[in-house]
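K.L.:
Data: start.cif, mmCIF, C-alpha atoms and all ligand atoms.
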```
data_start
#
loop_
_atom_site.label_atom_id
_atom_site.label_comp_id
_atom_site.auth_asym_id
_atom_site.auth_seq_id
_atom_site.Cartn_x
_atom_site.Cartn_y
_atom_site.Cartn_z
CA MET A 1 101.27 86.22 83.88
CA SER A 2 104.72 86.05 85.47
CA LYS A 3 105.76 88.89 87.73
CA THR A 4 108.73 91.05 86.81
CA ILE A 5 111.11 92.21 89.52
CA VAL A 6 113.85 94.81 89.23
CA ILE A 7 116.83 94.21 91.48
CA LYS A 8 119.28 97.08 91.85
CA LEU A 9 122.70 96.54 93.32
CA GLY A 10 124.50 99.59 94.61
CA SER A 11 128.29 99.90 94.58
CA SER A 12 128.15 99.31 98.34
CA THR A 13 126.64 95.83 97.82
CA LEU A 14 128.87 94.92 94.90
CA THR A 15 132.01 95.77 96.84
CA LEU A 16 130.72 94.85 100.31
CA GLY A 17 132.31 98.05 101.52
CA SER A 18 135.77 97.35 100.07
CA LYS A 19 137.37 99.08 97.07
CA HIS A 20 136.94 96.00 94.87
CA LEU A 21 134.06 94.13 93.29
CA ASN A 22 133.33 91.07 95.40
CA HIS A 23 132.93 88.24 92.87
CA ALA A 24 131.86 85.67 95.46
CA HIS A 25 129.06 87.98 96.58
CA MET A 26 128.04 88.70 93.00
CA LEU A 27 127.74 84.94 92.51
CA GLU A 28 125.39 84.81 95.51
CA VAL A 29 123.19 87.37 93.78
CA VAL A 30 123.25 85.35 90.57
CA ARG A 31 122.26 82.20 92.49
CA VAL A 32 119.28 84.05 93.97
CA ILE A 33 118.23 85.43 90.57
CA ALA A 34 118.45 81.90 89.12
CA GLY A 35 116.18 80.76 91.96
CA LEU A 36 113.69 83.54 91.24
CA LYS A 37 113.65 82.62 87.56
CA LYS A 38 113.05 78.99 88.46
CA ALA A 39 110.11 80.12 90.56
CA GLY A 40 108.64 81.85 87.49
CA TYR A 41 109.73 85.47 88.00
CA LYS A 42 111.30 87.61 85.31
CA VAL A 43 114.24 89.61 86.63
CA VAL A 44 115.88 92.85 85.51
CA LEU A 45 119.23 93.63 87.10
CA VAL A 46 120.30 97.25 87.50
CA SER A 47 123.97 97.06 88.34
CA SER A 48 126.18 99.89 89.52
CA GLY A 49 129.87 99.14 89.87
CA ALA A 50 131.41 100.43 86.63
CA VAL A 51 133.35 103.12 88.47
CA ALA A 52 134.41 100.64 91.19
CA ALA A 53 135.52 98.14 88.51
CA GLY A 54 137.49 100.82 86.64
CA ARG A 55 139.19 101.92 89.82
CA GLU A 56 140.14 98.33 90.60
CA LEU A 57 141.47 97.62 87.09
CA LEU A 58 143.63 100.75 87.02
CA GLY A 59 145.00 100.13 90.49
CA ASP A 60 143.16 102.93 92.31
CA PRO A 61 144.68 105.85 90.34
CA GLN A 62 144.82 109.39 91.69
CA LEU A 63 142.60 111.39 89.32
CA PRO A 64 141.37 114.99 89.43
CA ALA A 65 137.88 115.40 90.90
CA VAL A 66 136.23 116.22 87.57
CA LEU A 67 133.46 114.48 85.62
CA SER A 68 135.83 113.16 82.96
CA SER A 69 137.68 111.12 85.62
CA LYS A 70 134.44 109.35 86.52
CA GLN A 71 133.74 108.86 82.80
CA LEU A 72 137.20 107.40 82.32
CA LEU A 73 136.73 104.96 85.23
CA ALA A 74 133.26 103.95 84.04
CA SER A 75 134.50 103.45 80.48
CA VAL A 76 137.29 101.16 81.68
CA GLY A 77 135.10 99.43 84.26
CA GLN A 78 131.82 98.80 82.43
CA GLY A 79 133.34 96.18 80.12
CA ARG A 80 134.90 94.39 83.06
CA LEU A 81 131.67 94.57 85.06
CA ILE A 82 129.58 93.01 82.31
CA GLU A 83 132.25 90.37 81.65
CA ILE A 84 132.03 89.30 85.30
CA TRP A 85 128.22 89.18 85.21
CA GLU A 86 128.28 87.22 81.98
CA SER A 87 130.63 84.56 83.36
CA LEU A 88 128.71 84.26 86.64
CA PHE A 89 125.28 83.96 84.99
CA ALA A 90 126.74 81.41 82.55
CA ILE A 91 127.25 79.05 85.52
CA TYR A 92 123.45 78.86 85.68
CA ASP A 93 123.03 78.79 81.88
CA ILE A 94 121.44 82.23 81.96
CA HIS A 95 122.09 84.74 79.18
CA ILE A 96 122.33 88.43 79.92
CA GLY A 97 121.78 91.49 77.72
CA GLN A 98 123.50 94.79 78.48
CA ILE A 99 121.52 98.03 78.24
CA LEU A 100 123.33 101.31 78.89
CA LEU A 101 120.99 104.27 79.17
CA THR A 102 121.24 108.02 79.63
CA GLY A 103 118.55 110.55 80.45
CA ALA A 104 118.54 111.53 76.77
CA ASP A 105 117.34 108.01 75.89
CA LEU A 106 114.38 108.48 78.19
CA ASP A 107 113.25 112.08 77.78
CA ASP A 108 112.55 111.54 74.09
CA ARG A 109 109.35 109.53 73.65
CA GLU A 110 110.57 107.54 70.60
CA ARG A 111 113.78 106.49 72.34
CA PHE A 112 111.88 105.72 75.54
CA LEU A 113 109.57 103.39 73.59
CA ASN A 114 112.60 101.83 71.85
CA ALA A 115 114.23 101.08 75.19
CA ARG A 116 110.94 99.57 76.37
CA ASP A 117 110.75 97.31 73.30
CA THR A 118 114.34 96.09 73.77
CA LEU A 119 113.74 95.32 77.42
CA LYS A 120 110.53 93.49 76.64
CA ALA A 121 112.21 91.45 73.89
CA LEU A 122 115.02 90.40 76.27
CA LEU A 123 112.53 89.36 78.97
CA ASP A 124 110.38 87.49 76.45
CA PHE A 125 113.51 85.54 75.48
CA ASN A 126 114.19 84.68 79.11
CA ILE A 127 117.35 86.82 79.09
CA VAL A 128 118.30 88.88 82.15
CA PRO A 129 118.75 92.53 81.15
CA VAL A 130 121.67 94.15 82.98
CA ILE A 131 121.20 97.91 83.03
CA ASN A 132 123.52 100.74 84.01
CA GLU A 133 123.78 104.41 83.19
CA ASN A 134 126.04 105.04 80.21
CA ASP A 135 128.38 107.06 82.41
CA ALA A 136 131.19 107.18 79.84
CA VAL A 137 129.23 109.56 77.58
CA CYS A 138 127.05 111.24 80.18
CA ILE A 139 127.43 114.92 80.73
CA GLN A 140 125.46 116.49 83.57
CA GLU A 141 122.58 117.69 81.39
CA ILE A 142 121.64 114.26 80.11
CA LYS A 143 122.25 112.20 83.23
CA VAL A 144 119.62 110.18 85.06
CA GLY A 145 122.26 110.73 87.74
CA ASP A 146 121.85 107.72 89.97
CA ASN A 147 120.96 104.09 89.63
CA ASP A 148 118.17 104.20 92.21
CA ASN A 149 116.07 106.32 89.87
CA LEU A 150 117.31 104.34 86.89
CA ALA A 151 115.95 101.23 88.65
CA ALA A 152 112.50 102.81 89.12
CA ILE A 153 112.48 103.90 85.46
CA SER A 154 113.58 100.40 84.41
CA GLY A 155 110.63 99.09 86.42
CA ILE A 156 108.30 101.31 84.37
CA LEU A 157 109.93 100.15 81.13
CA ALA A 158 109.68 96.48 82.14
CA GLU A 159 106.18 96.85 83.68
CA ALA A 160 107.54 95.39 86.91
CA SER A 161 105.53 94.87 90.07
CA GLN A 162 108.45 95.28 92.49
CA VAL A 163 111.71 97.19 92.57
CA ILE A 164 114.24 96.04 95.14
CA LEU A 165 117.12 98.40 95.97
CA PHE A 166 119.91 96.46 97.63
CA THR A 167 122.21 98.61 99.69
CA ASP A 168 124.46 98.41 102.75
CA GLN A 169 121.68 99.14 105.28
CA LYS A 170 118.53 97.20 106.14
CA GLY A 171 116.41 100.01 104.76
CA LEU A 172 115.51 103.62 105.47
CA TYR A 173 116.13 104.60 109.08
CA THR A 174 114.83 107.54 111.09
CA LYS A 175 118.38 108.98 110.67
CA ASP A 176 121.68 107.91 109.13
CA PRO A 177 122.53 104.69 111.01
CA ARG A 178 126.25 105.18 110.30
CA LYS A 179 126.19 108.29 112.43
CA PHE A 180 123.39 107.66 114.93
CA LYS A 181 123.23 104.45 116.93
CA ASP A 182 119.62 105.10 118.02
CA ALA A 183 118.37 105.25 114.38
CA LYS A 184 115.29 103.05 113.87
CA LEU A 185 114.31 101.12 110.77
CA ILE A 186 111.13 102.35 109.09
CA ARG A 187 109.22 99.25 108.01
CA GLU A 188 106.49 100.63 105.79
CA VAL A 189 105.85 103.86 103.89
CA HIS A 190 102.65 104.74 102.04
CA GLU A 191 103.29 108.34 101.16
CA ILE A 192 106.40 110.30 100.23
CA THR A 193 106.53 113.50 102.25
CA ASP A 194 109.05 116.32 102.65
CA GLU A 195 109.72 115.03 106.19
CA LEU A 196 110.80 111.69 104.73
CA TYR A 197 113.40 113.42 102.54
CA GLU A 198 114.71 115.18 105.65
CA LEU A 199 115.66 111.78 107.14
CA ALA A 200 117.99 111.04 104.25
CA GLY A 201 121.66 111.81 104.58
CA GLY A 202 124.23 111.52 101.78
CA ALA A 203 125.91 108.44 100.33
CA GLY A 204 127.62 106.03 102.71
CA THR A 205 130.77 105.47 100.65
CA SER A 206 132.81 107.41 98.10
CA LEU A 207 131.58 105.02 95.39
CA GLY A 208 127.86 105.42 96.19
CA THR A 209 125.66 108.10 94.63
CA GLY A 210 122.95 109.91 96.51
CA GLY A 211 122.46 107.81 99.65
CA MET A 212 118.84 107.54 100.78
CA ALA A 213 117.59 110.72 99.06
CA THR A 214 117.83 109.17 95.60
CA LYS A 215 116.17 106.00 96.93
CA ILE A 216 113.20 108.00 98.27
CA LYS A 217 112.90 109.84 94.95
CA ALA A 218 112.95 106.45 93.19
CA ALA A 219 110.23 105.24 95.56
CA SER A 220 108.07 108.22 94.64
CA THR A 221 108.37 107.31 90.94
CA ALA A 222 107.66 103.64 91.68
CA LEU A 223 104.54 104.45 93.69
CA LYS A 224 103.18 106.60 90.85
CA ALA A 225 103.62 103.56 88.61
CA GLY A 226 101.82 101.31 91.10
CA MET A 227 105.02 99.38 91.88
CA GLU A 228 106.17 98.43 95.34
CA LEU A 229 109.72 99.60 96.08
CA ILE A 230 111.80 97.92 98.76
CA ILE A 231 115.07 99.12 100.26
CA ALA A 232 116.89 96.17 101.77
CA SER A 233 120.33 95.01 102.76
CA GLY A 234 122.16 93.19 99.99
CA ALA A 235 124.44 91.45 102.51
CA LYS A 236 122.35 88.27 102.26
CA PRO A 237 120.70 88.32 98.84
CA GLU A 238 118.48 85.32 99.66
CA ILE A 239 116.33 87.80 101.61
CA VAL A 240 114.72 88.33 98.18
CA PHE A 241 112.63 85.20 98.66
CA ASP A 242 111.06 86.84 101.74
CA LEU A 243 110.79 90.27 100.13
CA VAL A 244 108.73 89.04 97.18
CA LYS A 245 106.22 87.72 99.73
CA GLY A 246 106.14 91.06 101.54
CA GLU A 247 108.19 89.68 104.43
CA GLY A 248 111.67 90.32 105.84
CA GLU A 249 113.44 93.18 107.61
CA ALA A 250 113.42 96.04 105.12
CA THR A 251 111.59 99.25 104.20
CA PHE A 252 108.55 98.61 102.01
CA PHE A 253 107.13 101.54 100.04
CA LYS A 254 103.60 100.43 99.20
CA PRO A 255 101.45 101.98 96.46
CA THR A 256 98.03 103.12 97.63
CA HIS A 257 96.74 104.99 94.56
CA SER A 258 95.86 103.50 91.20
CA PRO A 259 98.86 103.73 88.83
CA LEU A 260 99.26 106.44 86.22
CA MET A 261 99.20 105.34 82.58
CA VAL A 262 102.67 104.81 81.05
CA LYS A 263 102.34 107.93 78.90
CA LYS A 264 101.61 110.05 81.98
CA LEU A 265 104.44 108.38 83.93
CA TRP A 266 106.80 109.22 81.12
CA LEU A 267 105.51 112.79 81.07
CA SER A 268 105.87 113.32 84.80
CA THR A 269 109.19 111.59 85.43
CA MET A 270 111.20 111.61 82.20
CA ALA A 271 109.94 113.93 79.48
CA LYS A 272 112.07 117.06 78.97
CA SER A 273 110.11 120.27 78.89
CA SER A 274 110.73 122.83 76.12
CA GLY A 275 108.89 125.77 77.64
CA GLN A 276 106.51 127.10 80.26
CA ILE A 277 102.90 128.21 80.14
CA PHE A 278 101.89 130.39 83.08
CA ILE A 279 98.27 129.97 84.10
CA ASP A 280 95.80 131.82 86.33
CA ASP A 281 94.18 130.53 89.54
CA GLY A 282 90.98 129.41 87.78
CA ALA A 283 92.88 127.21 85.32
CA LYS A 284 95.08 125.94 88.15
CA GLU A 285 92.04 124.81 90.14
CA ALA A 286 90.33 123.27 87.10
CA ILE A 287 93.45 121.26 86.20
CA ILE A 288 94.52 120.16 89.67
CA LYS A 289 91.13 119.61 91.30
CA ASN A 290 88.93 118.61 88.36
CA GLY A 291 91.43 117.06 85.97
CA ALA A 292 90.41 119.52 83.24
CA SER A 293 92.23 120.41 80.00
CA LEU A 294 94.03 123.76 79.64
CA LEU A 295 92.00 126.30 77.67
CA PRO A 296 93.53 129.45 76.14
CA SER A 297 91.43 131.66 78.45
CA GLY A 298 93.41 130.51 81.54
CA ILE A 299 96.81 131.33 80.04
CA ILE A 300 98.60 134.48 81.17
CA LYS A 301 101.97 134.23 79.41
CA VAL A 302 104.40 131.81 77.77
CA ALA A 303 108.17 131.34 77.98
CA GLY A 304 110.60 129.30 75.89
CA GLU A 305 110.32 128.03 72.34
CA PHE A 306 108.00 125.11 71.91
CA TYR A 307 106.01 123.72 69.04
CA ARG A 308 102.88 121.64 68.41
CA GLY A 309 103.62 118.29 70.10
CA SER A 310 106.32 119.68 72.43
CA ILE A 311 106.34 119.05 76.17
CA VAL A 312 105.52 122.11 78.26
CA THR A 313 105.42 122.80 81.98
CA LEU A 314 102.38 124.58 83.38
CA CYS A 315 103.34 127.00 86.15
CA ASP A 316 101.50 129.40 88.41
CA LEU A 317 102.50 133.06 88.41
CA SER A 318 105.10 132.52 91.14
CA GLY A 319 106.82 130.03 88.79
CA LYS A 320 105.77 126.94 90.78
CA LYS A 321 105.60 123.91 88.47
CA LEU A 322 102.07 122.51 88.56
CA ALA A 323 101.78 120.10 85.67
CA LYS A 324 103.42 118.86 82.48
CA GLY A 325 101.75 118.16 79.19
CA ILE A 326 101.91 118.07 75.42
CA SER A 327 101.04 121.36 73.76
CA ARG A 328 98.74 121.40 70.74
CA TYR A 329 99.96 124.86 69.71
CA SER A 330 103.39 126.47 69.30
CA PHE A 331 104.70 129.14 71.68
CA ASP A 332 103.91 132.05 69.34
CA GLU A 333 100.43 130.69 68.65
CA VAL A 334 99.75 130.28 72.39
CA ASP A 335 100.98 133.84 72.89
CA ARG A 336 98.39 135.09 70.38
CA ILE A 337 95.43 133.09 71.74
CA LYS A 338 96.19 133.52 75.46
CA ARG A 339 93.30 134.99 77.49
CA LYS A 340 90.96 134.41 74.49
CA LYS A 341 87.90 132.21 74.11
CA SER A 342 88.39 128.87 72.35
CA GLN A 343 85.75 129.81 69.72
CA ASP A 344 88.00 132.69 68.60
CA ILE A 345 91.10 130.58 67.87
CA ASP A 346 90.26 130.13 64.19
CA ALA A 347 89.66 133.84 63.69
CA ILE A 348 92.93 134.77 65.41
CA LEU A 349 95.25 132.14 63.90
CA GLY A 350 93.44 131.35 60.64
CA PHE A 351 93.28 127.66 61.65
CA ASP A 352 92.29 125.59 64.64
CA HIS A 353 93.89 122.51 66.27
CA GLY A 354 91.01 122.18 68.71
CA ALA A 355 89.62 124.10 71.67
CA VAL A 356 92.32 123.19 74.19
CA VAL A 357 96.01 124.04 74.36
CA VAL A 358 96.86 120.98 76.47
CA HIS A 359 94.35 118.14 76.54
CA ARG A 360 93.68 116.35 79.86
CA ASP A 361 94.78 113.03 78.29
CA ASP A 362 98.19 114.58 77.56
CA LEU A 363 98.57 116.26 80.93
CA VAL A 364 99.86 115.12 84.31
CA VAL A 365 99.72 117.05 87.56
CA LEU A 366 103.16 117.04 89.20
CA GLY A 367 103.29 115.42 92.60
CA SER A 368 100.25 113.27 91.75
N1 LIG A 401 118.07 107.74 107.03
C1 LIG A 401 118.97 106.88 106.52
N2 LIG A 401 118.73 105.54 106.57
C2 LIG A 401 119.62 104.65 106.06
N3 LIG A 401 120.79 105.00 105.46
C3 LIG A 401 121.08 106.33 105.36
C4 LIG A 401 120.19 107.31 105.88
N4 LIG A 401 120.72 108.54 105.62
C5 LIG A 401 121.89 108.32 104.97
N5 LIG A 401 122.13 107.00 104.81
C6 LIG A 401 123.34 106.44 104.16
O1 LIG A 401 122.99 105.95 102.86
C7 LIG A 401 123.95 104.93 102.53
C8 LIG A 401 123.46 104.10 101.34
O2 LIG A 401 123.47 104.87 100.16
P1 LIG A 401 124.64 104.75 99.05
O3 LIG A 401 125.98 104.92 99.72
O4 LIG A 401 124.31 105.66 97.93
O5 LIG A 401 124.52 103.21 98.69
P2 LIG A 401 124.32 102.40 97.35
O6 LIG A 401 125.69 102.31 96.74
O7 LIG A 401 123.83 101.09 97.85
O8 LIG A 401 123.32 103.12 96.50
C9 LIG A 401 124.11 104.19 103.83
O9 LIG A 401 125.35 103.57 103.93
C10 LIG A 401 123.93 105.26 104.92
O10 LIG A 401 125.15 105.71 105.46
N1 LIG A 402 126.63 104.18 87.23
C1 LIG A 402 127.57 104.21 88.35
C2 LIG A 402 126.85 104.11 89.70
C3 LIG A 402 125.87 105.20 89.99
C4 LIG A 402 125.12 104.95 91.30
O1 LIG A 402 123.95 105.28 91.44
O2 LIG A 402 125.83 104.30 92.29
P1 LIG A 402 125.18 103.61 93.57
O3 LIG A 402 124.67 104.68 94.53
O4 LIG A 402 126.29 102.84 94.16
O5 LIG A 402 124.08 102.71 93.10
C5 LIG A 402 128.56 103.03 88.26
O6 LIG A 402 128.28 102.05 87.55
O7 LIG A 402 129.58 103.09 88.93
#
```
Show me this structure written as structure tokens.

P.N.:
Amino acid sequence: MSKTIVIKLGSSTLTLGSKHLNHAHMLEVVRVIAGLKKAGYKVVLVSSGAVAAGRELLGDPQLPAVLSSKQLLASVGQGRLIEIWESLFAIYDIHIGQILLTGADLDDRERFLNARDTLKALLDFNIVPVINENDAVCIQEIKVGDNDNLAAISGILAEASQVILFTDQKGLYTKDPRKFKDAKLIREVHEITDELYELAGGAGTSLGTGGMATKIKAASTALKAGMELIIASGAKPEIVFDLVKGEGEATFFKPTHSPLMVKKLWLSTMAKSSGQIFIDDGAKEAIIKNGASLLPSGIIKVAGEFYRGSIVTLCDLSGKKLAKGISRYSFDEVDRIKRKKSQDIDAILGFDHGAVVVHRDDLVVLGS
């Protein structure tokens, strides 16, 4: 089976540090993708640059620092961006398909599966999907927020084996290399720790979003999915031919655990929770250590309005989020059966959807 690779180009790579999209450099990327396709790989392109393209088209306008300005620029720029990609890929007789996503397309399971089907259909037809966040309609609440995480999610949707984040640095350094000359490149990471996040400073340019922090978060999602994530410099895109072999100067985040099933990946990284179930220490231990289901007896209280089939977050009494899962009972039903034995559910509610409130198959421990 051919391998699928996600390549994400940050604004910094698309502009090469200027205020304008660098068409010659974009063509270099296209040439490399054509080479990968020739070698049998399927490629998904996650392309930032809508805001940069909008800014360029409108002649770098002075706009107020509000979300609608960014939406305006993205709305103007996205069409231009995709037009450039289309004409460059056409040189190599490659068709592209645009997919614009928001968080709302991913936190709903139906829409998530729809996006997955579209992506799969494009790849099956040998078309290169070009993905970006639908910034023009994105309000804060429904944003994925940055294209690094969108790339990791696209990798899950496309069942990719590698996600390559091209940026303006060779990878993750021990500190921000723009500010510290003695910063050292980290070559390999196997585990995402809090200390790793502490190394990450903010974005390098005014067009970039998130800097290294969003890339580390994306790596954590990729590792859960069993995908390798690589942060590399996009200055010479042909480095890709080394990266796919595990070679080249870059930061490689390597998965060490077996991947979570797609349903659990969706639950842990995308699904929007409708309420909380607070559980006691016994239930916490059973779920985290033994991978058990949540029984009514371990439930102390509920918050929020959720229904049978809704996503809920399981928390300890301090409010720490422990796990996410699909509830088999509604919030008012859980409230009535909390602290009770499973055998008594029928007598209390007058019906029974089974002994557990959240089944282990529908539950994922956060941070796992
Ligand atoms: N520890 C670090 N290692 C590497 N780069 C870092 C680090 N901390 C902060 N950065 C900054 O992150 C920037 C890349 O992120 P960003 O500007 O969001 O790029 P992109 O547009 O490619 O996503 C770099 O230019 C660098 O200044
Ligand atoms: N969706 C936005 C880019 C968001 C983003 O994550 O930017 P970057 O950090 O440059 O990859 C755009 O097209 O301009």

K.L.:
Which one of A:His20, A:Lys170, A:Lys3, A:His257 sits closest to ligand LIG 402 (chain A) if you count all atoms listed in the file?

P.N.:
A:His20

K.L.:
Within 6 Å of ligand LIG 402 (chain A), which residues of chain A come that close, and what is the closest atom pair and distance in Å for each? Count only C-alpha atoms and all ligand atoms and give it as a tab-separated table.

P.N.:
```
residue	atom	partner	partner_atom	distance
A:Gly10	CA	A:LIG402	O5	3.5
A:Ser11	CA	A:LIG402	O4	3.6
A:Ser12	CA	A:LIG402	O4	5.8
A:Ser48	CA	A:LIG402	O6	3.6
A:Gly49	CA	A:LIG402	O6	4.0
A:Ala50	CA	A:LIG402	O6	3.6
A:Val51	CA	A:LIG402	O7	3.8
A:Ala52	CA	A:LIG402	O7	5.9
A:Asn132	CA	A:LIG402	N1	5.6
A:Glu133	CA	A:LIG402	N1	4.9
A:Asp135	CA	A:LIG402	N1	5.9
A:Asp146	CA	A:LIG402	O1	3.5
A:Asn147	CA	A:LIG402	O1	3.7
A:Asp148	CA	A:LIG402	O1	5.9
A:Leu207	CA	A:LIG402	O4	5.9
A:Gly208	CA	A:LIG402	O4	3.6
A:Thr209	CA	A:LIG402	O3	3.6
A:Gly210	CA	A:LIG402	O3	5.9
```

K.L.:
Quick one: 8 Å padding each side, axis-aligned, all listed atoms of range 180-197 of chain A - centre and edge lengths in Å to one decimal, as JSON?

P.N.:
```
{"center_x": 113.0, "center_y": 107.8, "center_z": 109.1, "size_x": 36.7, "size_y": 33.1, "size_z": 33.8}
```

K.L.:
Kindly indicate which residue among A:Gly211, A:Gly40, A:Gly304, A:Gly350 lies nearest to ligand LIG 401 (chain A), using all atoms listed in the file for the distances.

P.N.:
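For ligand LIG 401 (chain A), the nearest of the candidates is A:Gly211.
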
K.L.:
Tell me which of A:Thr167, A:Thr4, A:Gln343, A:Gln71 sits closest to ligand LIG 401 (chain A), counting only C-alpha atoms and all ligand atoms.

P.N.:
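Of A:Thr167, A:Thr4, A:Gln343, A:Gln71, the one nearest ligand LIG 401 (chain A) is A:Thr167, counting only C-alpha atoms and all ligand atoms.
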
K.L.:
Name the residues, by chain letter and number, that sit within 9 Å of ligand LIG 401 (chain A) using only C-alpha atoms and all ligand atoms, and give them as an MDAnalysis selection string.

P.N.:
chainID A and resid 8:14 48:49 146:148 165:179 183:186 196:215 233:234
